[in-house]
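*Asks:* Got a file for you: work_0.txt, compact mmCIF, C-alpha atoms.
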```
# COMPACT_ATOMS: atom_id res chain seq x y z
CA MET A 1 104.67 68.93 111.31
CA LYS A 2 101.87 66.51 110.47
CA VAL A 3 98.41 67.60 111.63
CA LEU A 4 95.52 65.18 111.18
CA LEU A 5 91.89 66.28 111.40
CA ILE A 6 89.50 63.37 111.95
CA ASN A 7 85.74 62.72 112.21
CA ILE A 8 84.98 65.82 110.14
CA GLN A 9 81.20 66.13 109.76
CA GLU A 10 81.54 67.99 106.42
CA LEU A 11 84.79 68.72 104.60
CA LEU A 12 83.85 71.51 102.16
CA GLN A 13 85.24 72.63 98.83
CA VAL A 14 87.10 69.38 98.09
CA ARG A 15 88.38 69.53 94.52
CA ASP A 16 91.02 67.18 93.11
CA GLN A 17 91.51 69.35 90.01
CA PRO A 18 90.12 72.78 90.85
CA PRO A 19 89.39 75.40 88.20
CA GLN A 20 90.85 78.88 88.47
CA LYS A 21 87.39 80.27 89.15
CA LEU A 22 83.73 79.31 89.03
CA ARG A 23 81.10 81.07 86.93
CA GLY A 24 77.35 80.91 86.47
CA ALA A 25 75.75 77.55 87.28
CA GLU A 26 79.14 76.14 88.38
CA MET A 27 78.87 78.25 91.53
CA GLN A 28 75.95 76.18 92.77
CA HIS A 29 78.18 73.11 93.15
CA LEU A 30 80.08 72.81 96.45
CA PRO A 31 81.84 69.43 96.66
CA ILE A 32 81.74 67.81 100.10
CA LEU A 33 83.24 64.80 101.86
CA ARG A 34 81.22 63.65 104.89
CA ASN A 35 82.68 61.81 107.88
CA ALA A 36 86.08 62.80 106.57
CA TRP A 37 89.72 63.22 107.55
CA LEU A 38 92.26 65.80 106.37
CA LEU A 39 96.03 65.52 106.60
CA LEU A 40 98.23 68.62 106.65
CA ASN A 41 102.00 68.30 106.32
CA LYS A 42 104.80 70.87 105.98
CA GLY A 43 102.32 73.68 105.51
CA LEU A 44 100.44 71.98 102.68
CA ILE A 45 97.36 69.82 102.23
CA GLU A 46 98.77 66.32 101.82
CA ASP A 47 95.70 64.10 101.62
CA TYR A 48 92.05 63.58 102.56
CA GLY A 49 89.45 60.84 102.57
CA THR A 50 86.62 59.32 104.57
CA MET A 51 86.88 57.73 108.01
CA GLU A 52 86.09 54.36 106.45
CA GLN A 53 89.76 54.31 105.43
CA PRO A 54 91.65 56.55 107.89
CA PRO A 55 95.34 57.26 107.29
CA LYS A 56 98.00 55.32 109.13
CA GLY A 57 101.21 56.60 110.65
CA THR A 58 102.51 58.96 113.30
CA PHE A 59 101.15 62.51 113.56
CA SER A 60 102.33 65.58 115.46
CA ARG A 61 98.78 66.49 116.38
CA ILE A 62 95.34 64.95 115.93
CA ILE A 63 92.24 67.15 116.10
CA ASP A 64 88.84 65.54 116.57
CA CYS A 65 86.30 67.47 114.47
CA THR A 66 83.18 65.54 115.49
CA GLY A 67 80.10 67.62 114.67
CA ARG A 68 82.23 70.28 112.97
CA ILE A 69 82.76 71.56 109.45
CA VAL A 70 86.21 72.06 107.96
CA MET A 71 86.71 74.28 104.94
CA PRO A 72 89.23 76.63 103.28
CA THR A 73 89.75 79.94 105.02
CA TRP A 74 88.02 82.99 103.56
CA CYS A 75 89.83 84.90 100.81
CA ASP A 76 89.04 88.61 101.28
CA SER A 77 90.08 90.28 98.02
CA HIS A 78 89.15 93.91 98.77
CA THR A 79 90.13 95.73 101.97
CA HIS A 80 91.60 98.99 103.22
CA LEU A 81 92.75 97.39 106.47
CA VAL A 82 95.73 99.76 106.92
CA TYR A 83 94.19 103.05 108.09
CA ALA A 84 94.44 105.49 111.00
CA GLY A 85 91.72 106.29 113.52
CA ASN A 86 88.05 105.94 112.65
CA ARG A 87 85.08 107.94 111.36
CA GLU A 88 82.28 107.29 113.79
CA GLN A 89 81.17 110.95 113.65
CA GLU A 90 80.34 110.52 109.97
CA PHE A 91 78.29 107.46 110.90
CA ILE A 92 76.23 109.70 113.18
CA ASP A 93 75.99 112.37 110.45
CA ARG A 94 74.50 109.82 108.06
CA ILE A 95 71.94 108.78 110.68
CA LYS A 96 70.96 112.45 110.82
CA GLY A 97 70.39 112.53 107.07
CA LEU A 98 73.63 113.37 105.26
CA SER A 99 74.63 111.15 102.35
CA TYR A 100 78.10 109.66 101.81
CA GLN A 101 78.63 112.10 98.92
CA GLU A 102 77.50 115.12 100.99
CA ILE A 103 79.90 114.20 103.79
CA ALA A 104 82.73 113.92 101.25
CA LYS A 105 81.97 117.39 99.84
CA ARG A 106 82.29 118.82 103.37
CA GLY A 107 85.83 117.45 103.70
CA GLY A 108 84.84 114.16 105.28
CA GLY A 109 85.13 110.70 103.83
CA ILE A 110 88.41 109.68 102.25
CA LEU A 111 89.97 113.13 102.83
CA ASN A 112 89.21 112.86 106.55
CA SER A 113 91.00 109.51 106.73
CA ALA A 114 93.90 110.88 104.68
CA GLN A 115 94.44 113.73 107.10
CA LYS A 116 94.52 111.32 110.05
CA LEU A 117 96.88 108.96 108.30
CA GLN A 118 99.30 111.69 107.26
CA GLN A 119 99.61 112.64 110.94
CA THR A 120 100.18 109.04 112.09
CA THR A 121 103.64 107.51 112.39
CA GLU A 122 104.46 104.31 110.55
CA LYS A 123 104.96 102.56 113.90
CA SER A 124 101.53 103.58 115.17
CA LEU A 125 99.92 102.69 111.85
CA PHE A 126 101.45 99.21 112.01
CA GLU A 127 100.23 98.73 115.60
CA GLN A 128 96.67 99.72 114.66
CA SER A 129 96.72 97.52 111.57
CA PHE A 130 98.11 94.31 113.06
CA LYS A 131 95.32 94.30 115.65
CA ARG A 132 92.75 94.42 112.84
CA LEU A 133 94.58 91.69 110.95
CA GLU A 134 94.60 89.41 113.99
CA GLU A 135 90.87 90.00 114.44
CA VAL A 136 90.00 89.02 110.87
CA VAL A 137 92.20 85.93 111.05
CA ASP A 138 90.31 84.85 114.17
CA MET A 139 87.13 85.12 112.07
CA GLY A 140 88.51 82.77 109.43
CA THR A 141 90.31 84.96 106.89
CA GLY A 142 93.47 83.35 105.55
CA ALA A 143 94.18 85.58 102.53
CA ILE A 144 93.63 89.31 102.25
CA GLU A 145 94.26 92.17 99.87
CA ILE A 146 95.23 95.52 101.40
CA LYS A 147 94.99 98.80 99.51
CA SER A 148 96.65 102.15 100.03
CA GLY A 149 94.61 105.25 99.17
CA TYR A 150 94.28 107.01 102.51
CA GLY A 151 97.68 108.66 102.18
CA LEU A 152 97.21 110.85 99.08
CA THR A 153 100.78 112.13 99.37
CA VAL A 154 103.90 110.38 98.14
CA GLU A 155 105.28 109.58 101.59
CA SER A 156 101.95 108.62 103.12
CA GLU A 157 101.03 106.25 100.29
CA LEU A 158 104.45 104.63 100.67
CA LYS A 159 103.92 104.44 104.42
CA MET A 160 100.66 102.51 104.01
CA LEU A 161 102.15 100.01 101.60
CA ARG A 162 105.25 99.51 103.74
CA VAL A 163 103.02 98.66 106.69
CA ALA A 164 101.09 96.16 104.56
CA ARG A 165 104.35 94.51 103.47
CA LYS A 166 105.50 94.35 107.11
CA LEU A 167 102.26 92.62 108.04
CA ALA A 168 102.92 90.05 105.32
CA LYS A 169 106.33 89.30 106.81
CA LYS A 170 105.06 89.04 110.39
CA TYR A 171 101.97 86.87 109.86
CA PRO A 172 101.29 83.61 108.00
CA VAL A 173 98.32 85.20 106.21
CA ALA A 174 98.59 85.48 102.42
CA ILE A 175 98.65 89.26 101.77
CA LYS A 176 98.47 91.07 98.43
CA THR A 177 98.96 94.84 98.23
CA THR A 178 97.31 97.37 95.93
CA PHE A 179 98.36 100.94 95.13
CA LEU A 180 95.26 103.16 95.22
CA GLY A 181 96.78 106.63 95.04
CA ALA A 182 93.85 107.69 92.84
CA HIS A 183 91.29 107.17 95.60
CA ALA A 184 90.26 110.83 95.84
CA VAL A 185 91.63 114.24 94.87
CA PRO A 186 93.39 115.85 97.87
CA SER A 187 92.15 119.23 99.12
CA GLU A 188 95.32 120.98 97.95
CA PHE A 189 94.65 119.78 94.39
CA ARG A 190 91.01 120.78 94.28
CA GLU A 191 90.23 121.96 90.72
CA LYS A 192 93.69 120.64 89.77
CA LYS A 193 92.95 116.94 89.33
CA GLU A 194 95.33 116.54 86.37
CA ARG A 195 98.21 117.80 88.46
CA TYR A 196 97.42 115.27 91.16
CA LEU A 197 97.29 112.48 88.60
CA ASP A 198 100.75 113.60 87.47
CA VAL A 199 101.91 113.04 91.06
CA VAL A 200 100.29 109.59 91.12
CA CYS A 201 101.80 108.53 87.80
CA HIS A 202 105.22 110.19 87.87
CA GLU A 203 106.12 110.49 91.56
CA MET A 204 104.25 107.78 93.49
CA LEU A 205 104.40 104.95 90.97
CA PRO A 206 108.19 105.00 90.40
CA ARG A 207 108.86 104.98 94.16
CA ILE A 208 106.39 102.15 94.79
CA ALA A 209 107.90 100.10 91.97
CA GLU A 210 111.44 100.80 93.22
CA GLU A 211 110.58 99.41 96.67
CA ASN A 212 108.38 96.62 95.26
CA LEU A 213 105.49 97.65 97.49
CA ALA A 214 102.48 96.73 95.36
CA ASP A 215 101.08 93.85 93.32
CA TYR A 216 98.11 95.73 91.85
CA ILE A 217 96.98 99.22 90.86
CA ASP A 218 93.50 100.57 91.53
CA ILE A 219 91.46 103.75 91.00
CA PHE A 220 88.06 104.99 92.19
CA CYS A 221 86.25 105.35 88.85
CA GLU A 222 83.14 107.23 89.89
CA ASP A 223 81.28 110.45 89.21
CA GLY A 224 82.89 113.16 91.37
CA TYR A 225 86.14 111.21 91.77
CA PHE A 226 87.93 109.95 88.63
CA SER A 227 86.62 109.61 85.08
CA VAL A 228 86.98 106.73 82.64
CA GLU A 229 89.72 108.72 80.89
CA ASP A 230 91.55 109.13 84.22
CA THR A 231 91.11 105.42 84.87
CA GLU A 232 92.61 104.39 81.55
CA ARG A 233 95.57 106.69 82.14
CA VAL A 234 96.35 105.37 85.63
CA LEU A 235 95.91 101.72 84.70
CA SER A 236 98.14 102.15 81.65
CA GLU A 237 100.86 103.79 83.75
CA GLY A 238 100.62 101.06 86.36
CA LYS A 239 101.05 98.34 83.77
CA LYS A 240 104.38 99.93 82.76
CA TYR A 241 105.60 98.96 86.23
CA GLY A 242 104.11 95.48 86.15
CA LEU A 243 101.08 96.30 88.32
CA VAL A 244 97.93 94.37 87.41
CA PRO A 245 94.76 96.55 87.26
CA LYS A 246 91.81 96.46 89.66
CA ILE A 247 89.04 99.09 89.81
CA HIS A 248 86.56 100.55 92.29
CA VAL A 249 83.63 101.05 89.92
CA ASN A 250 79.84 101.50 89.72
CA GLN A 251 79.35 102.19 93.42
CA PHE A 252 76.92 105.02 92.75
CA LYS A 253 76.75 105.43 88.96
CA SER A 254 77.61 103.49 85.82
CA ILE A 255 79.92 105.71 83.76
CA GLY A 256 81.70 103.14 81.58
CA GLY A 257 84.33 102.03 84.04
CA VAL A 258 83.50 98.32 83.82
CA ALA A 259 84.22 98.25 80.09
CA ALA A 260 87.45 100.17 80.70
CA GLY A 261 88.48 97.58 83.28
CA VAL A 262 87.82 94.71 80.92
CA LYS A 263 89.69 96.54 78.15
CA HIS A 264 92.75 96.80 80.40
CA LYS A 265 92.39 93.17 81.54
CA ALA A 266 91.64 94.13 85.13
CA LEU A 267 91.83 91.18 87.50
CA SER A 268 88.68 92.43 89.20
CA VAL A 269 86.05 95.15 89.09
CA ASP A 270 84.75 95.86 92.59
CA HIS A 271 81.53 97.31 94.04
CA LEU A 272 79.04 97.11 91.10
CA GLU A 273 76.09 98.21 93.22
CA VAL A 274 74.80 99.84 90.03
CA LEU A 275 74.90 97.61 86.97
CA THR A 276 73.61 98.13 83.43
CA GLN A 277 73.18 95.70 80.56
CA ALA A 278 76.20 97.32 78.90
CA ASP A 279 78.27 96.48 81.99
CA LEU A 280 77.09 92.87 81.90
CA ASP A 281 77.85 92.62 78.19
CA ALA A 282 81.38 93.93 78.81
CA LEU A 283 82.02 91.29 81.48
CA ILE A 284 80.65 88.30 79.57
CA GLY A 285 83.50 86.38 77.99
CA SER A 286 86.20 88.28 79.91
CA GLU A 287 88.61 86.98 82.56
CA THR A 288 87.74 89.87 84.93
CA MET A 289 86.18 88.91 88.27
CA PRO A 290 83.19 90.95 89.51
CA VAL A 291 83.52 91.53 93.27
CA ALA A 292 80.57 92.41 95.51
CA LEU A 293 80.94 94.21 98.83
CA PRO A 294 77.63 93.70 100.69
CA ALA A 295 78.87 95.01 104.05
CA CYS A 296 79.36 98.41 102.40
CA SER A 297 75.79 98.36 101.09
CA PHE A 298 74.54 97.41 104.55
CA PHE A 299 76.48 100.18 106.28
CA LEU A 300 75.71 102.98 103.80
CA GLY A 301 72.14 101.92 103.07
CA ILE A 302 72.77 101.79 99.32
CA PRO A 303 71.66 99.08 96.85
CA TYR A 304 73.33 95.69 96.96
CA THR A 305 75.30 94.37 94.02
CA PRO A 306 72.87 92.33 91.88
CA GLY A 307 74.73 89.10 92.49
CA ARG A 308 71.82 86.92 91.42
CA GLN A 309 71.74 88.68 88.05
CA LEU A 310 75.50 88.35 87.58
CA ILE A 311 75.50 84.61 88.29
CA ASP A 312 72.36 83.97 86.24
CA SER A 313 74.09 85.76 83.33
CA GLY A 314 76.79 83.08 83.44
CA LEU A 315 79.37 85.28 85.18
CA PRO A 316 81.62 84.56 88.16
CA LEU A 317 81.31 86.48 91.43
CA ALA A 318 83.58 87.01 94.42
CA LEU A 319 82.71 88.43 97.83
CA ALA A 320 84.88 90.71 99.98
CA THR A 321 84.49 92.94 103.03
CA ASP A 322 85.74 96.35 101.78
CA TYR A 323 87.06 96.74 105.35
CA ASN A 324 87.60 100.50 105.81
CA PRO A 325 86.78 103.22 108.37
CA GLY A 326 84.14 105.08 106.36
CA SER A 327 81.84 102.72 104.49
CA SER A 328 82.49 99.22 105.84
CA PRO A 329 84.19 99.15 109.26
CA THR A 330 84.25 95.37 109.48
CA GLY A 331 86.48 92.55 108.29
CA ASN A 332 83.90 89.88 109.11
CA MET A 333 83.65 87.61 106.07
CA ASN A 334 81.08 85.47 107.87
CA PHE A 335 78.72 88.44 107.85
CA VAL A 336 79.53 89.13 104.19
CA VAL A 337 78.58 85.57 103.24
CA ALA A 338 75.33 85.87 105.20
CA ALA A 339 74.49 89.27 103.65
CA ALA A 340 75.08 87.82 100.18
CA CYS A 341 72.54 85.11 100.91
CA ILE A 342 70.00 87.31 102.66
CA LYS A 343 70.20 90.47 100.54
CA MET A 344 71.69 89.35 97.22
CA LYS A 345 69.78 86.03 97.04
CA LEU A 346 72.85 83.83 96.64
CA THR A 347 72.57 80.26 97.85
CA PRO A 348 74.97 79.20 100.63
CA GLU A 349 76.90 77.17 98.03
CA GLU A 350 77.30 80.18 95.76
CA ALA A 351 78.29 82.48 98.61
CA ILE A 352 80.91 80.08 99.97
CA ASN A 353 82.37 79.58 96.48
CA ALA A 354 82.43 83.37 96.04
CA ALA A 355 84.26 83.86 99.36
CA THR A 356 86.83 81.09 98.86
CA LEU A 357 87.90 80.03 95.35
CA ASN A 358 86.63 83.11 93.50
CA GLY A 359 88.02 85.38 96.20
CA ALA A 360 91.38 83.68 95.74
CA TYR A 361 91.14 84.28 91.98
CA ALA A 362 90.51 87.99 92.58
CA MET A 363 93.90 88.10 94.33
CA GLY A 364 95.75 85.93 91.83
CA LEU A 365 95.94 83.13 94.42
CA SER A 366 93.63 80.41 93.13
CA ASP A 367 96.59 78.16 92.27
CA THR A 368 97.49 77.88 95.95
CA LEU A 369 94.38 78.76 98.01
CA GLY A 370 90.59 78.62 98.03
CA THR A 371 89.96 74.86 97.88
CA ILE A 372 90.80 71.64 99.70
CA THR A 373 93.22 70.26 97.13
CA ARG A 374 96.35 68.14 97.51
CA GLY A 375 99.41 70.36 97.28
CA LYS A 376 97.65 73.62 98.09
CA ILE A 377 98.61 75.71 101.12
CA ALA A 378 97.08 74.35 104.33
CA ASN A 379 94.86 77.33 105.18
CA VAL A 380 91.71 75.86 106.72
CA MET A 381 89.19 76.66 109.42
CA ILE A 382 87.21 74.50 111.79
CA THR A 383 83.73 75.55 112.86
CA LYS A 384 82.08 75.03 116.19
CA GLU A 385 79.59 72.18 116.36
CA ILE A 386 76.90 73.21 113.86
CA PRO A 387 74.32 71.16 111.94
CA SER A 388 75.45 72.01 108.38
CA TYR A 389 77.28 74.61 106.28
CA GLY A 390 73.95 76.33 105.65
CA TYR A 391 74.01 77.28 109.32
CA LEU A 392 76.93 79.67 108.69
CA PRO A 393 74.88 82.31 106.78
CA TYR A 394 71.69 81.40 108.68
CA SER A 395 73.26 82.20 112.06
CA PHE A 396 74.56 85.53 110.75
CA GLY A 397 75.09 87.22 114.11
CA ASN A 398 77.15 84.48 115.73
CA MET A 399 80.82 83.62 115.46
CA ASN A 400 80.83 79.97 114.46
CA ILE A 401 84.56 79.68 113.64
CA ASP A 402 86.39 77.77 116.38
CA GLN A 403 89.93 77.25 115.06
CA VAL A 404 92.02 78.61 112.20
CA ILE A 405 95.01 76.85 110.65
CA LEU A 406 97.38 78.84 108.42
CA LYS A 407 100.19 77.17 106.49
CA GLY A 408 99.57 74.07 108.54
CA ARG A 409 100.02 75.90 111.83
CA VAL A 410 97.16 75.75 114.32
CA LEU A 411 96.69 79.29 115.63
```
Kindly present the structure from the file in structure tokens form.
*Replies:*
Amino acid sequence: MKVLLINIQELLQVRDQPPQKLRGAEMQHLPILRNAWLLLNKGLIEDYGTMEQPPKGTFSRIIDCTGRIVMPTWCDSHTHLVYAGNREQEFIDRIKGLSYQEIAKRGGGILNSAQKLQQTTEKSLFEQSFKRLEEVVDMGTGAIEIKSGYGLTVESELKMLRVARKLAKKYPVAIKTTFLGAHAVPSEFREKKERYLDVVCHEMLPRIAEENLADYIDIFCEDGYFSVEDTERVLSEGKKYGLVPKIHVNQFKSIGGVAAGVKHKALSVDHLEVLTQADLDALIGSETMPVALPACSFFLGIPYTPGRQLIDSGLPLALATDYNPGSSPTGNMNFVVAAACIKMKLTPEEAINAATLNGAYAMGLSDTLGTITRGKIANVMITKEIPSYGYLPYSFGNMNIDQVILKGRVL
């Protein structure tokens, strides 16, 4: 099926020979074709150019994009989209003065979600999750990572990852899955963390590998959750099964987890709301992608990742939603891009690069997604009529995405 987009006001992120990722000053450059056309064929980007020399031939569909922007779909590299129920009561508790950590100590937080998920059937979990997935696709997301971590038992962790794999089969979205069994210590293992880590490493991991349910392995490296030593153990065990490391790290404290992630060649280190010079030094020269989650900072009222500092230090940066029921109940990448500009002082160019190409890198997908490049998968979105791409973060409360095309199919 040949789909031709014509009269495109701005065709963003056009790169004939794209890099794997962008770092430092490179993130300020966002290549654009104005008054452009884009040809999609057999699920791939076939060609592009300006309307001065439009393509000739017969097309299955022609879409007039006058006054509109066309760009790659968002690449959301950090979500917990598969979960059961919600935690709006905790939201009210925080308004009344309780912190995220205090709620967790009272049995709320991750343990609350785990209890709900354990009581939810796989069928119901799938039904809840596909509705969320359809919502984020409507908002322009074309690639997404989904973590486990709200199961905290062997069968429930498997259940979450099976649902994520089923979503990948049902929808044209690019989906990567991450095993996050070490998200919190279950109530029944309180004061017995080592025994729970034995379950993660010797019971969960072999089953997950046997069913090929995960691409990555993750752990919440944070004071009160899992230590650097725990992190190194879990990442090492995961690598035995071919799982590439990722880490939740530095959300509340810097305890050395960033350096541990770099040591284990983690694809990404995510959160980084707290960042020290030692953390920056560990990242410089590495291939690990820092990932900021500004919707989480907004929702919890905690500091934002110092994205300006990371980029000015010559580092790359990706943006993701952290979509989850407790600390970021949104999959809206448009809001994330706006929050990065407003609260983290990124330019629109930097934020869009962070949410497309660098987001793709943080999922191991930058060879096929994240830019308008001949031969890449045809995952693109068309905005409503807006004056420029700077309007996307400026108009942060509005939905300016009009159409989404995944694998060349207009949804």
*Asks:* Have a look at atom CA of A:Tyr150 and atom CA of A:Lys116 and let me know their distance in Å, one decimal.
*Replies:*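 Straight-line distance from atom CA of A:Tyr150 to atom CA of A:Lys116 works out to 8.7 Å.
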*Asks:* I need the residue nearest A:Thr121 from this list: A:Gln277, A:Ser156, A:Gln101, A:Thr79. Use all atoms listed in the file for the distance.
*Replies:* A:Ser156
*Asks:* For each of A:Glu211, A:Tyr361, A:Leu180, A:Lys265, take the minimum atom-to-atom distance to A:His248, counting only C-alpha atoms, then give the residue where this is smallest.
*Replies:*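 Of A:Glu211, A:Tyr361, A:Leu180, A:Lys265, the one nearest A:His248 is A:Leu180, counting only C-alpha atoms.
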*Asks:* Can you tell me, as a VMD selection string, what residues are no more than 9 Å from stretch 51-65 of chain A when counting all atoms listed in the file, ignoring any on the same chain fewer than 6 positions away?
*Replies:* chain A and resid 1 to 9 34 to 37 39 382 to 385
*Asks:* Set the distance at 10 Å and use all atoms listed in the file: which residues neighbour stretch 190-193 of chain A once local chain neighbours fewer than 5 positions away are removed? I'd like the list as a compact mmCIF listing (two decimals) with C-alpha atoms, keeping the file's coordinate frame.
*Replies:*
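part_3.txt, written as the output of this step:
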```txt
# COMPACT_ATOMS: atom_id res chain seq x y z
CA ALA A 182 93.85 107.69 92.84
CA ALA A 184 90.26 110.83 95.84
CA VAL A 185 91.63 114.24 94.87
CA ASP A 198 100.75 113.60 87.47
CA VAL A 199 101.91 113.04 91.06
CA TYR A 225 86.14 111.21 91.77
CA PHE A 226 87.93 109.95 88.63
CA ASP A 230 91.55 109.13 84.22
```
*Asks:* Given the point (72.5, 98.9, 80.8) in the coordinates of this file, which residues lie within 12 Å, counting all atoms listed in the file, and how would they look as a list in words?
*Replies:*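 Checking each residue against the 12 Å limit leaves Asn250, Lys253, Ser254, Ile255, Gly256, Val258, Ala259, Val274, Leu275, Thr276, Gln277, Ala278, Asp279, Leu280, Asp281 and Ala282 of chain A.
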*Asks:* Counting all atoms listed in the file, figure out which residue out of A:Tyr171, A:Tyr216, A:Phe189, A:Tyr83 gets nearest to A:Ala362.
*Replies:*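 Selected residue with least distance to A:Ala362: A:Tyr216.
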*Asks:* In Å, with one decimal, what is the gap from atom CA of A:Ala360 to atom CA of A:Val234?
*Replies:*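 Calculated distance between atom CA of A:Ala360 and atom CA of A:Val234 is 24.4 Å.
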*Asks:* For A:Asn379, find every residue with an atom within 10 Å (counting all atoms listed in the file), except residues of its own chain fewer than 6 positions away, and show them as a list in words.
*Replies:*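 The residues satisfying every condition are Leu40, Gly43, Leu44, Ile45, Met71, Pro72, Thr73, Trp74, Gly140, Thr141, Gly142, Ala143, Pro172, Val173, Ala174, Thr368, Leu369, Gly370, Thr371, Ile372, Val404, Ile405, Leu406, Lys407, Gly408, Arg409 and Val410 of chain A.
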*Asks:* Have a look at atom CA of A:Glu273 and atom CA of A:Arg308 and let me know their distance in Å, one decimal.
*Replies:*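 Interatomic distance, atom CA of A:Glu273 to atom CA of A:Arg308: 12.2 Å.
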*Asks:* With distances taken over all atoms listed in the file, which residue among A:Gly242, A:Gly85, A:Gly224, A:Gly49 lies nearest A:Ile32?
*Replies:* A:Gly49
*Asks:* Taking a cut-off of 12 Å and counting all atoms listed in the file, can you build a table that, for each residue of stretch 2-121 of chain A near stretch 284-288 of chain A, reports the nearest atom pair and how far apart they are in Å (one decimal), sorted by chain then residue number, as a tab-separated table?
*Replies:*
```
residue	atom	partner	partner_atom	distance
A:Gln20	CA	A:Glu287	CA	10.3
A:Lys21	CA	A:Glu287	CA	9.5
A:Leu22	CA	A:Glu287	CA	11.2
A:Arg23	CA	A:Ile284	CA	10.3
A:Gly24	CA	A:Ile284	CA	10.6
```
*Asks:* Given the choices A:Lys105, A:Ala214, A:Ile144, A:Val137, which gets closest to A:Pro186 if the distance is worked out from all atoms listed in the file?
*Replies:*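 Under the stated criterion, the closest residue is A:Lys105.
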*Asks:* Here is a test: counting all atoms listed in the file, which residue of A:Glu155, A:Asp270, A:Glu26, A:Glu222 is nearest to A:Ser313?
*Replies:*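 For A:Ser313, the nearest of the candidates is A:Glu26.
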*Asks:* Can you list, as a VMD selection string, every protein, DNA or RNA residue that comes within 10 Å of A:Ser113 when you count only C-alpha atoms, leaving out same-chain residues fewer than 6 positions away?
*Replies:* chain A and resid 83 to 87 107 149 to 152 324 to 326
